[in-house]
2 protein chains.
Amino acid sequence: MGFKEHLKRAVDDVPGAMLCTLMGHDGIAIDTYETDLAIERDVSTSTVELTSLLAQVRQSTQGLKSGNLTELVVGGQDLCAIVRPVTDEYFLALFLASGANQGKGRYVLRAISPRLVEELG
Amino acid sequence: MGFKEHLKRAVDDVPGAMLCTLMGHDGIAIDTYETDLAIERDVSTSTVELTSLLAQVRQSTQGLKSGNLTELVVGGQDLCAIVRPVTDEYFLALFLASGANQGKGRYVLRAISPRLVEELG
């Protein structure tokens, strides 16, 4: 099972999910799966901003005394992004339409994460 | 019912919650309720970093195309912070020990939010 299948499963399993990507902290995606709605709404360009935001959040964990980042959720009126670092180099991000089931989204990322780590070798 | 009672209720209702604050985007708190554990772990100093991080996140919502921020969750290995803007000037933040019930935390902030807005006048 390749990366794309896991990312597709995440999107398919969460009602309202539009795009799932496995991406390096440098902003370069290994693989991405997106729905027609995500293409129409041009959600993939949001991943650029998300990568830069994630870098800021990771820098702030020392001041927050939160320990290493395990999850980031940015919920907006139109779109919600759930981020889960999977290794020091890569993270998973799932974009949902607003009002979608965030809890299910977080669960699915947790569920596919170890499989992706395995495939990353 | 004053601010403190609502903040105390949020902490009391969520197992693992340690501190709840109603704070201006300028970092000045209107009121805060914290447990002995929060005082011991000096969680209140984390709110300074959180305020600065929140400003960065709000700036990035245009690039994210997420619409106005409704919720931010920063989950770390030791601590999780849930933020909910309540007005243009103020936000609620709830700090939880890692492994605490985030879903309950998000729910409680949603629940007390309209009451705090009312009291803010």
# chains A, B, ... in the order shown; residues from 1 in each chain; ligands from 1
>>> closest_atom_pairs(of="chain A", to="chain B", cutoff="8 Å", atoms="only C-alpha atoms", output="tab-separated table")
residue	atom	partner	partner_atom	distance
A:Val43	CA	B:Lys65	CA	7.9
A:Thr45	CA	B:Leu64	CA	7.8
A:Ser46	CA	B:Leu64	CA	4.4
A:Thr47	CA	B:Leu64	CA	7.3
A:Glu49	CA	B:Gly63	CA	5.6
A:Leu50	CA	B:Leu64	CA	6.6
A:Leu53	CA	B:Val57	CA	6.9
A:Gln56	CA	B:Leu53	CA	7.6
A:Val57	CA	B:Leu53	CA	6.9
A:Ser60	CA	B:Glu49	CA	6.7
A:Thr61	CA	B:Gly76	CA	7.6
A:Gly63	CA	B:Glu49	CA	5.6
A:Leu64	CA	B:Ser46	CA	4.4
A:Lys65	CA	B:Ser46	CA	6.5
A:Ser66	CA	B:Leu79	CA	4.4
A:Gly67	CA	B:Gln77	CA	4.8
A:Asn68	CA	B:Gly76	CA	5.2
A:Leu69	CA	B:Gly76	CA	4.3
A:Thr70	CA	B:Gly76	CA	5.0
A:Glu71	CA	B:Gly75	CA	4.8
A:Leu72	CA	B:Val74	CA	4.8
A:Val73	CA	B:Val73	CA	4.8
A:Val74	CA	B:Leu72	CA	4.8
A:Gly75	CA	B:Glu71	CA	4.8
A:Gly76	CA	B:Leu69	CA	4.3
A:Gln77	CA	B:Gly67	CA	4.8
A:Asp78	CA	B:Ser66	CA	5.0
A:Leu79	CA	B:Ser66	CA	4.3
A:Cys80	CA	B:Ser66	CA	6.5
A:Gly103	CA	B:Gly103	CA	7.3
>>> calpha_fit_and_write(fixed="chain A", moving="chain B", output="compact mmCIF listing (two decimals) with N, CA, C and O atoms, in the first residue's frame")
# COMPACT_ATOMS: atom_id res chain seq x y z
N MET B 1 0.87 -1.20 -0.01
CA MET B 1 0.02 0.00 -0.01
C MET B 1 0.90 1.25 -0.01
O MET B 1 1.77 1.43 0.85
N GLY B 2 0.73 2.10 -1.00
CA GLY B 2 1.58 3.29 -1.11
C GLY B 2 1.05 4.45 -0.28
O GLY B 2 -0.01 4.34 0.34
N PHE B 3 1.80 5.56 -0.27
CA PHE B 3 1.39 6.73 0.50
C PHE B 3 -0.01 7.20 0.08
O PHE B 3 -0.85 7.47 0.92
N LYS B 4 -0.20 7.28 -1.22
CA LYS B 4 -1.45 7.85 -1.73
C LYS B 4 -2.67 7.11 -1.20
O LYS B 4 -3.68 7.75 -0.87
N GLU B 5 -2.59 5.79 -1.11
CA GLU B 5 -3.74 5.01 -0.63
C GLU B 5 -4.08 5.39 0.82
O GLU B 5 -5.25 5.51 1.17
N HIS B 6 -3.05 5.58 1.66
CA HIS B 6 -3.30 5.98 3.05
C HIS B 6 -3.94 7.37 3.10
O HIS B 6 -4.87 7.62 3.88
N LEU B 7 -3.45 8.27 2.26
CA LEU B 7 -3.96 9.64 2.25
C LEU B 7 -5.40 9.67 1.73
O LEU B 7 -6.26 10.38 2.27
N LYS B 8 -5.66 8.82 0.73
CA LYS B 8 -7.02 8.72 0.19
C LYS B 8 -7.97 8.16 1.25
O LYS B 8 -9.08 8.64 1.42
N ARG B 9 -7.50 7.18 1.98
CA ARG B 9 -8.32 6.57 3.02
C ARG B 9 -8.71 7.61 4.08
O ARG B 9 -9.86 7.67 4.52
N ALA B 10 -7.73 8.45 4.44
CA ALA B 10 -8.01 9.49 5.44
C ALA B 10 -9.12 10.41 4.94
O ALA B 10 -10.06 10.73 5.68
N VAL B 11 -9.03 10.83 3.68
CA VAL B 11 -10.03 11.75 3.13
C VAL B 11 -11.38 11.04 3.00
O VAL B 11 -12.42 11.59 3.37
N ASP B 12 -11.35 9.79 2.52
CA ASP B 12 -12.61 9.04 2.33
C ASP B 12 -13.32 8.75 3.66
O ASP B 12 -14.55 8.72 3.71
N ASP B 13 -12.54 8.53 4.71
CA ASP B 13 -13.11 8.14 5.99
C ASP B 13 -13.69 9.29 6.81
O ASP B 13 -14.37 9.07 7.81
N VAL B 14 -13.37 10.52 6.43
CA VAL B 14 -13.82 11.67 7.22
C VAL B 14 -14.76 12.54 6.38
O VAL B 14 -14.33 13.19 5.44
N PRO B 15 -16.05 12.52 6.72
CA PRO B 15 -17.00 13.35 5.97
C PRO B 15 -16.57 14.82 6.04
O PRO B 15 -16.28 15.32 7.13
N GLY B 16 -16.47 15.47 4.90
CA GLY B 16 -16.07 16.88 4.87
C GLY B 16 -14.58 17.08 4.63
O GLY B 16 -14.13 18.21 4.45
N ALA B 17 -13.80 15.98 4.65
CA ALA B 17 -12.36 16.10 4.38
C ALA B 17 -12.14 16.35 2.90
O ALA B 17 -12.85 15.80 2.05
N MET B 18 -11.16 17.19 2.59
CA MET B 18 -10.94 17.57 1.18
C MET B 18 -9.55 17.25 0.67
O MET B 18 -9.37 16.99 -0.51
N LEU B 19 -8.57 17.31 1.56
CA LEU B 19 -7.19 17.11 1.11
C LEU B 19 -6.36 16.54 2.24
O LEU B 19 -6.48 16.96 3.39
N CYS B 20 -5.53 15.56 1.92
CA CYS B 20 -4.59 15.03 2.91
C CYS B 20 -3.22 14.95 2.25
O CYS B 20 -3.10 14.48 1.11
N THR B 21 -2.21 15.45 2.95
CA THR B 21 -0.87 15.47 2.38
C THR B 21 0.16 14.97 3.37
O THR B 21 0.02 15.16 4.58
N LEU B 22 1.18 14.30 2.85
CA LEU B 22 2.36 13.92 3.63
C LEU B 22 3.46 14.82 3.12
O LEU B 22 3.82 14.76 1.94
N MET B 23 3.98 15.67 4.01
CA MET B 23 4.83 16.77 3.55
C MET B 23 6.07 16.91 4.42
O MET B 23 6.03 16.62 5.61
N GLY B 24 7.16 17.36 3.80
CA GLY B 24 8.36 17.67 4.57
C GLY B 24 8.21 19.02 5.24
O GLY B 24 7.44 19.87 4.78
N HIS B 25 8.97 19.22 6.34
CA HIS B 25 8.90 20.51 7.01
C HIS B 25 9.44 21.63 6.12
O HIS B 25 9.30 22.81 6.43
N ASP B 26 10.09 21.24 5.01
CA ASP B 26 10.56 22.23 4.04
C ASP B 26 9.45 22.63 3.05
O ASP B 26 9.67 23.44 2.16
N GLY B 27 8.26 22.03 3.21
CA GLY B 27 7.13 22.42 2.37
C GLY B 27 7.00 21.61 1.09
O GLY B 27 6.12 21.88 0.27
N ILE B 28 7.87 20.63 0.92
CA ILE B 28 7.78 19.81 -0.29
C ILE B 28 7.01 18.53 0.04
O ILE B 28 7.40 17.76 0.93
N ALA B 29 5.92 18.31 -0.70
CA ALA B 29 5.06 17.16 -0.41
C ALA B 29 5.64 15.87 -1.00
O ALA B 29 6.17 15.87 -2.10
N ILE B 30 5.54 14.80 -0.22
CA ILE B 30 5.87 13.47 -0.75
C ILE B 30 4.70 13.00 -1.60
O ILE B 30 4.85 12.51 -2.71
N ASP B 31 3.49 13.16 -1.06
CA ASP B 31 2.31 12.77 -1.80
C ASP B 31 1.09 13.50 -1.23
O ASP B 31 1.08 13.89 -0.05
N THR B 32 0.09 13.68 -2.06
CA THR B 32 -1.12 14.41 -1.68
C THR B 32 -2.32 13.74 -2.33
O THR B 32 -2.23 13.31 -3.48
N TYR B 33 -3.40 13.65 -1.60
CA TYR B 33 -4.66 13.23 -2.22
C TYR B 33 -5.68 14.33 -1.99
O TYR B 33 -5.82 14.83 -0.87
N GLU B 34 -6.39 14.73 -3.03
CA GLU B 34 -7.39 15.78 -2.86
C GLU B 34 -8.65 15.49 -3.65
O GLU B 34 -8.62 14.80 -4.68
N THR B 35 -9.77 15.98 -3.14
CA THR B 35 -11.05 15.78 -3.82
C THR B 35 -11.23 16.86 -4.89
O THR B 35 -10.49 17.86 -4.91
N ASP B 36 -12.24 16.70 -5.73
CA ASP B 36 -12.54 17.72 -6.75
C ASP B 36 -12.84 19.06 -6.10
O ASP B 36 -12.45 20.11 -6.61
N LEU B 37 -13.52 19.02 -4.95
CA LEU B 37 -13.86 20.25 -4.25
C LEU B 37 -12.59 20.98 -3.80
O LEU B 37 -12.51 22.22 -3.87
N ALA B 38 -11.59 20.20 -3.33
CA ALA B 38 -10.32 20.81 -2.91
C ALA B 38 -9.63 21.49 -4.08
O ALA B 38 -9.06 22.58 -3.94
N ILE B 39 -9.68 20.83 -5.25
CA ILE B 39 -9.06 21.42 -6.45
C ILE B 39 -9.79 22.71 -6.82
O ILE B 39 -9.18 23.74 -7.07
N GLU B 40 -11.12 22.63 -6.78
CA GLU B 40 -11.95 23.79 -7.11
C GLU B 40 -11.67 24.96 -6.16
O GLU B 40 -11.58 26.11 -6.59
N ARG B 41 -11.50 24.63 -4.86
CA ARG B 41 -11.26 25.69 -3.87
C ARG B 41 -9.77 26.01 -3.73
O ARG B 41 -9.39 26.85 -2.92
N ASP B 42 -8.94 25.32 -4.50
CA ASP B 42 -7.49 25.59 -4.51
C ASP B 42 -6.87 25.44 -3.11
O ASP B 42 -6.05 26.26 -2.69
N VAL B 43 -7.29 24.40 -2.41
CA VAL B 43 -6.83 24.18 -1.03
C VAL B 43 -5.33 23.88 -0.97
O VAL B 43 -4.65 24.23 -0.01
N SER B 44 -4.78 23.29 -2.05
CA SER B 44 -3.38 22.89 -2.00
C SER B 44 -2.44 24.08 -1.77
O SER B 44 -1.39 23.93 -1.16
N THR B 45 -2.85 25.28 -2.22
CA THR B 45 -1.99 26.44 -1.97
C THR B 45 -1.96 26.81 -0.49
O THR B 45 -1.02 27.47 -0.03
N SER B 46 -2.97 26.38 0.27
CA SER B 46 -2.99 26.65 1.72
C SER B 46 -1.86 25.91 2.44
O SER B 46 -1.45 26.31 3.53
N THR B 47 -1.37 24.83 1.83
CA THR B 47 -0.33 24.04 2.51
C THR B 47 0.98 24.83 2.64
O THR B 47 1.74 24.60 3.55
N VAL B 48 1.19 25.78 1.73
CA VAL B 48 2.40 26.62 1.79
C VAL B 48 2.38 27.43 3.09
O VAL B 48 3.35 27.44 3.87
N GLU B 49 1.26 28.11 3.32
CA GLU B 49 1.11 28.91 4.54
C GLU B 49 1.17 28.02 5.78
O GLU B 49 1.75 28.39 6.80
N LEU B 50 0.57 26.84 5.67
CA LEU B 50 0.53 25.93 6.81
C LEU B 50 1.95 25.50 7.21
O LEU B 50 2.28 25.42 8.40
N THR B 51 2.80 25.23 6.23
CA THR B 51 4.17 24.82 6.51
C THR B 51 4.91 25.91 7.26
O THR B 51 5.62 25.64 8.24
N SER B 52 4.71 27.14 6.83
CA SER B 52 5.41 28.25 7.49
C SER B 52 4.85 28.45 8.90
O SER B 52 5.59 28.71 9.86
N LEU B 53 3.54 28.31 9.05
CA LEU B 53 2.93 28.43 10.37
C LEU B 53 3.42 27.32 11.31
O LEU B 53 3.73 27.56 12.48
N LEU B 54 3.51 26.12 10.77
CA LEU B 54 3.95 24.98 11.57
C LEU B 54 5.37 25.21 12.11
O LEU B 54 5.68 24.87 13.26
N ALA B 55 6.23 25.80 11.28
CA ALA B 55 7.60 26.10 11.72
C ALA B 55 7.57 27.06 12.92
O ALA B 55 8.31 26.88 13.90
N GLN B 56 6.68 28.06 12.85
CA GLN B 56 6.55 29.01 13.96
C GLN B 56 6.05 28.33 15.22
O GLN B 56 6.52 28.59 16.32
N VAL B 57 5.07 27.44 15.05
CA VAL B 57 4.50 26.74 16.20
C VAL B 57 5.56 25.86 16.85
O VAL B 57 5.71 25.83 18.07
N ARG B 58 6.34 25.15 16.03
CA ARG B 58 7.38 24.27 16.59
C ARG B 58 8.43 25.08 17.36
O ARG B 58 8.96 24.62 18.36
N GLN B 59 8.71 26.29 16.86
CA GLN B 59 9.66 27.15 17.58
C GLN B 59 9.12 27.62 18.92
O GLN B 59 9.88 27.93 19.83
N SER B 60 7.80 27.71 19.01
CA SER B 60 7.21 28.28 20.22
C SER B 60 6.97 27.24 21.31
O SER B 60 6.59 27.60 22.43
N THR B 61 7.22 25.96 21.02
CA THR B 61 6.88 24.93 22.02
C THR B 61 7.74 25.06 23.29
O THR B 61 7.29 24.69 24.36
N GLN B 62 8.96 25.59 23.14
CA GLN B 62 9.79 25.77 24.34
C GLN B 62 9.16 26.81 25.28
O GLN B 62 9.02 26.57 26.48
N GLY B 63 8.77 27.94 24.70
CA GLY B 63 8.13 28.99 25.48
C GLY B 63 6.80 28.53 26.06
O GLY B 63 6.41 28.92 27.16
N LEU B 64 6.12 27.68 25.31
CA LEU B 64 4.83 27.14 25.77
C LEU B 64 5.02 26.07 26.83
O LEU B 64 4.07 25.70 27.53
N LYS B 65 6.25 25.54 26.91
CA LYS B 65 6.55 24.40 27.80
C LYS B 65 5.61 23.22 27.52
O LYS B 65 5.20 22.51 28.44
N SER B 66 5.27 23.05 26.24
CA SER B 66 4.32 22.00 25.87
C SER B 66 5.01 20.67 25.56
O SER B 66 4.35 19.65 25.41
N GLY B 67 6.33 20.69 25.45
CA GLY B 67 7.02 19.50 24.95
C GLY B 67 6.89 19.44 23.43
O GLY B 67 6.23 20.31 22.84
N ASN B 68 7.47 18.45 22.81
CA ASN B 68 7.42 18.34 21.34
C ASN B 68 5.99 18.33 20.83
O ASN B 68 5.12 17.71 21.42
N LEU B 69 5.79 19.01 19.71
CA LEU B 69 4.45 19.12 19.13
C LEU B 69 3.95 17.75 18.67
O LEU B 69 4.64 17.02 17.96
N THR B 70 2.75 17.40 19.08
CA THR B 70 2.15 16.14 18.64
C THR B 70 0.96 16.39 17.71
O THR B 70 0.57 15.52 16.94
N GLU B 71 0.39 17.60 17.80
CA GLU B 71 -0.81 17.90 17.01
C GLU B 71 -1.06 19.40 16.97
O GLU B 71 -0.83 20.10 17.95
N LEU B 72 -1.54 19.86 15.83
CA LEU B 72 -1.92 21.27 15.69
C LEU B 72 -3.25 21.31 14.94
O LEU B 72 -3.39 20.66 13.90
N VAL B 73 -4.20 22.05 15.48
CA VAL B 73 -5.48 22.22 14.79
C VAL B 73 -5.72 23.71 14.61
O VAL B 73 -5.71 24.46 15.59
N VAL B 74 -5.91 24.14 13.37
CA VAL B 74 -6.25 25.53 13.10
C VAL B 74 -7.63 25.52 12.47
O VAL B 74 -7.81 25.07 11.32
N GLY B 75 -8.61 25.95 13.24
CA GLY B 75 -9.99 25.93 12.77
C GLY B 75 -10.44 27.32 12.36
O GLY B 75 -10.33 28.26 13.15
N GLY B 76 -10.93 27.46 11.14
CA GLY B 76 -11.44 28.74 10.67
C GLY B 76 -12.88 28.63 10.25
O GLY B 76 -13.44 27.53 10.21
N GLN B 77 -13.49 29.77 9.90
CA GLN B 77 -14.90 29.77 9.52
C GLN B 77 -15.14 28.99 8.22
O GLN B 77 -16.23 28.47 8.01
N ASP B 78 -14.13 28.90 7.36
CA ASP B 78 -14.31 28.25 6.07
C ASP B 78 -13.59 26.91 5.95
O ASP B 78 -13.95 26.07 5.13
N LEU B 79 -12.52 26.73 6.74
CA LEU B 79 -11.62 25.59 6.54
C LEU B 79 -10.94 25.27 7.86
O LEU B 79 -10.65 26.16 8.65
N CYS B 80 -10.69 23.98 8.07
CA CYS B 80 -9.96 23.57 9.27
C CYS B 80 -8.78 22.71 8.83
O CYS B 80 -8.92 21.85 7.95
N ALA B 81 -7.61 22.95 9.42
CA ALA B 81 -6.43 22.15 9.10
C ALA B 81 -5.97 21.41 10.35
O ALA B 81 -5.85 22.00 11.43
N ILE B 82 -5.77 20.09 10.21
CA ILE B 82 -5.26 19.28 11.32
C ILE B 82 -3.88 18.79 10.91
O ILE B 82 -3.71 18.22 9.83
N VAL B 83 -2.89 19.04 11.75
CA VAL B 83 -1.51 18.67 11.44
C VAL B 83 -0.99 17.70 12.48
O VAL B 83 -1.23 17.87 13.68
N ARG B 84 -0.29 16.70 12.01
CA ARG B 84 0.31 15.72 12.92
C ARG B 84 1.73 15.40 12.44
O ARG B 84 1.90 14.79 11.39
N PRO B 85 2.76 15.85 13.19
CA PRO B 85 4.12 15.47 12.81
C PRO B 85 4.26 13.96 12.90
O PRO B 85 3.81 13.35 13.88
N VAL B 86 4.84 13.34 11.86
CA VAL B 86 5.00 11.88 11.91
C VAL B 86 6.45 11.48 12.17
O VAL B 86 6.70 10.42 12.75
N THR B 87 7.39 12.30 11.73
CA THR B 87 8.80 12.11 12.05
C THR B 87 9.39 13.52 12.23
O THR B 87 8.67 14.51 12.11
N ASP B 88 10.70 13.59 12.50
CA ASP B 88 11.33 14.92 12.63
C ASP B 88 11.30 15.67 11.31
O ASP B 88 11.39 16.90 11.28
N GLU B 89 11.17 14.92 10.21
CA GLU B 89 11.24 15.57 8.90
C GLU B 89 9.89 15.77 8.22
O GLU B 89 9.75 16.64 7.37
N TYR B 90 8.94 14.92 8.57
CA TYR B 90 7.67 14.92 7.82
C TYR B 90 6.46 15.10 8.73
O TYR B 90 6.48 14.72 9.90
N PHE B 91 5.41 15.66 8.14
CA PHE B 91 4.14 15.79 8.85
C PHE B 91 2.97 15.44 7.94
O PHE B 91 3.09 15.49 6.71
N LEU B 92 1.87 15.09 8.56
CA LEU B 92 0.62 14.84 7.86
C LEU B 92 -0.28 16.06 8.06
O LEU B 92 -0.32 16.61 9.17
N ALA B 93 -1.00 16.46 7.02
CA ALA B 93 -1.98 17.52 7.20
C ALA B 93 -3.27 17.13 6.51
O ALA B 93 -3.26 16.60 5.40
N LEU B 94 -4.37 17.35 7.20
CA LEU B 94 -5.70 17.04 6.67
C LEU B 94 -6.52 18.33 6.68
O LEU B 94 -6.62 19.00 7.71
N PHE B 95 -7.08 18.67 5.53
CA PHE B 95 -7.92 19.87 5.43
C PHE B 95 -9.38 19.46 5.35
O PHE B 95 -9.75 18.61 4.53
N LEU B 96 -10.20 20.09 6.19
CA LEU B 96 -11.62 19.78 6.25
C LEU B 96 -12.44 21.03 5.96
O LEU B 96 -12.02 22.14 6.31
N ALA B 97 -13.61 20.83 5.39
CA ALA B 97 -14.56 21.94 5.28
C ALA B 97 -14.99 22.29 6.70
O ALA B 97 -14.99 21.45 7.59
N SER B 98 -15.35 23.55 6.93
CA SER B 98 -15.77 23.94 8.28
C SER B 98 -17.03 23.17 8.64
O SER B 98 -17.87 22.90 7.79
N GLY B 99 -17.15 22.78 9.89
CA GLY B 99 -18.31 22.01 10.33
C GLY B 99 -18.13 20.51 10.16
O GLY B 99 -18.97 19.73 10.58
N ALA B 100 -17.02 20.09 9.54
CA ALA B 100 -16.75 18.65 9.39
C ALA B 100 -16.33 18.07 10.74
O ALA B 100 -16.05 18.81 11.69
N ASN B 101 -16.28 16.76 10.80
CA ASN B 101 -15.99 16.08 12.06
C ASN B 101 -14.49 16.07 12.39
O ASN B 101 -13.75 15.19 11.97
N GLN B 102 -14.08 17.09 13.15
CA GLN B 102 -12.66 17.24 13.54
C GLN B 102 -12.13 16.05 14.33
O GLN B 102 -11.00 15.63 14.16
N GLY B 103 -12.99 15.55 15.23
CA GLY B 103 -12.57 14.44 16.08
C GLY B 103 -12.22 13.22 15.24
O GLY B 103 -11.19 12.56 15.47
N LYS B 104 -13.04 12.94 14.24
CA LYS B 104 -12.80 11.83 13.32
C LYS B 104 -11.51 12.08 12.54
O LYS B 104 -10.71 11.17 12.31
N GLY B 105 -11.31 13.32 12.13
CA GLY B 105 -10.10 13.69 11.39
C GLY B 105 -8.85 13.44 12.21
O GLY B 105 -7.86 12.88 11.72
N ARG B 106 -8.88 13.86 13.48
CA ARG B 106 -7.73 13.65 14.36
C ARG B 106 -7.49 12.15 14.54
O ARG B 106 -6.34 11.69 14.55
N TYR B 107 -8.57 11.41 14.71
CA TYR B 107 -8.45 9.96 14.91
C TYR B 107 -7.79 9.29 13.70
O TYR B 107 -6.89 8.46 13.85
N VAL B 108 -8.27 9.66 12.50
CA VAL B 108 -7.76 9.02 11.28
C VAL B 108 -6.27 9.31 11.08
O VAL B 108 -5.49 8.43 10.72
N LEU B 109 -5.86 10.55 11.36
CA LEU B 109 -4.42 10.87 11.22
C LEU B 109 -3.59 10.04 12.20
O LEU B 109 -2.52 9.54 11.86
N ARG B 110 -4.09 9.90 13.42
CA ARG B 110 -3.41 9.07 14.42
C ARG B 110 -3.30 7.64 13.91
O ARG B 110 -2.29 6.96 14.09
N ALA B 111 -4.39 7.16 13.28
CA ALA B 111 -4.45 5.77 12.84
C ALA B 111 -3.50 5.47 11.68
O ALA B 111 -2.85 4.42 11.67
N ILE B 112 -3.41 6.39 10.70
CA ILE B 112 -2.56 6.08 9.54
C ILE B 112 -1.09 6.44 9.78
O ILE B 112 -0.21 5.95 9.08
N SER B 113 -0.85 7.26 10.79
CA SER B 113 0.51 7.76 11.05
C SER B 113 1.58 6.65 11.17
O SER B 113 2.60 6.71 10.49
N PRO B 114 1.37 5.61 12.00
CA PRO B 114 2.41 4.57 12.14
C PRO B 114 2.67 3.83 10.82
O PRO B 114 3.80 3.41 10.56
N ARG B 115 1.65 3.69 9.99
CA ARG B 115 1.84 2.99 8.71
C ARG B 115 2.69 3.82 7.76
O ARG B 115 3.50 3.30 7.01
N LEU B 116 2.48 5.13 7.80
CA LEU B 116 3.29 6.00 6.94
C LEU B 116 4.74 6.02 7.41
O LEU B 116 5.66 6.00 6.60
N VAL B 117 4.92 6.04 8.72
CA VAL B 117 6.29 6.00 9.28
C VAL B 117 7.00 4.74 8.80
O VAL B 117 8.16 4.78 8.40
N GLU B 118 6.25 3.63 8.80
CA GLU B 118 6.80 2.36 8.34
C GLU B 118 7.25 2.45 6.88
O GLU B 118 8.35 2.02 6.52
N GLU B 119 6.39 3.03 6.05
CA GLU B 119 6.71 3.14 4.63
C GLU B 119 7.85 4.12 4.37
O GLU B 119 8.59 3.98 3.39
N LEU B 120 7.96 5.12 5.26
CA LEU B 120 9.06 6.09 5.10
C LEU B 120 10.40 5.42 5.38
O LEU B 120 11.45 5.91 4.99
N GLY B 121 10.31 4.29 6.09
CA GLY B 121 11.51 3.50 6.37
C GLY B 121 12.38 4.13 7.41
O GLY B 121 13.57 4.22 7.29
>>> select_by_dssp(residues="chain A", states="alpha helix (DSSP H)", output="MDAnalysis selection string")
chainID A and resid 3:13 36:41 46:64 102:120
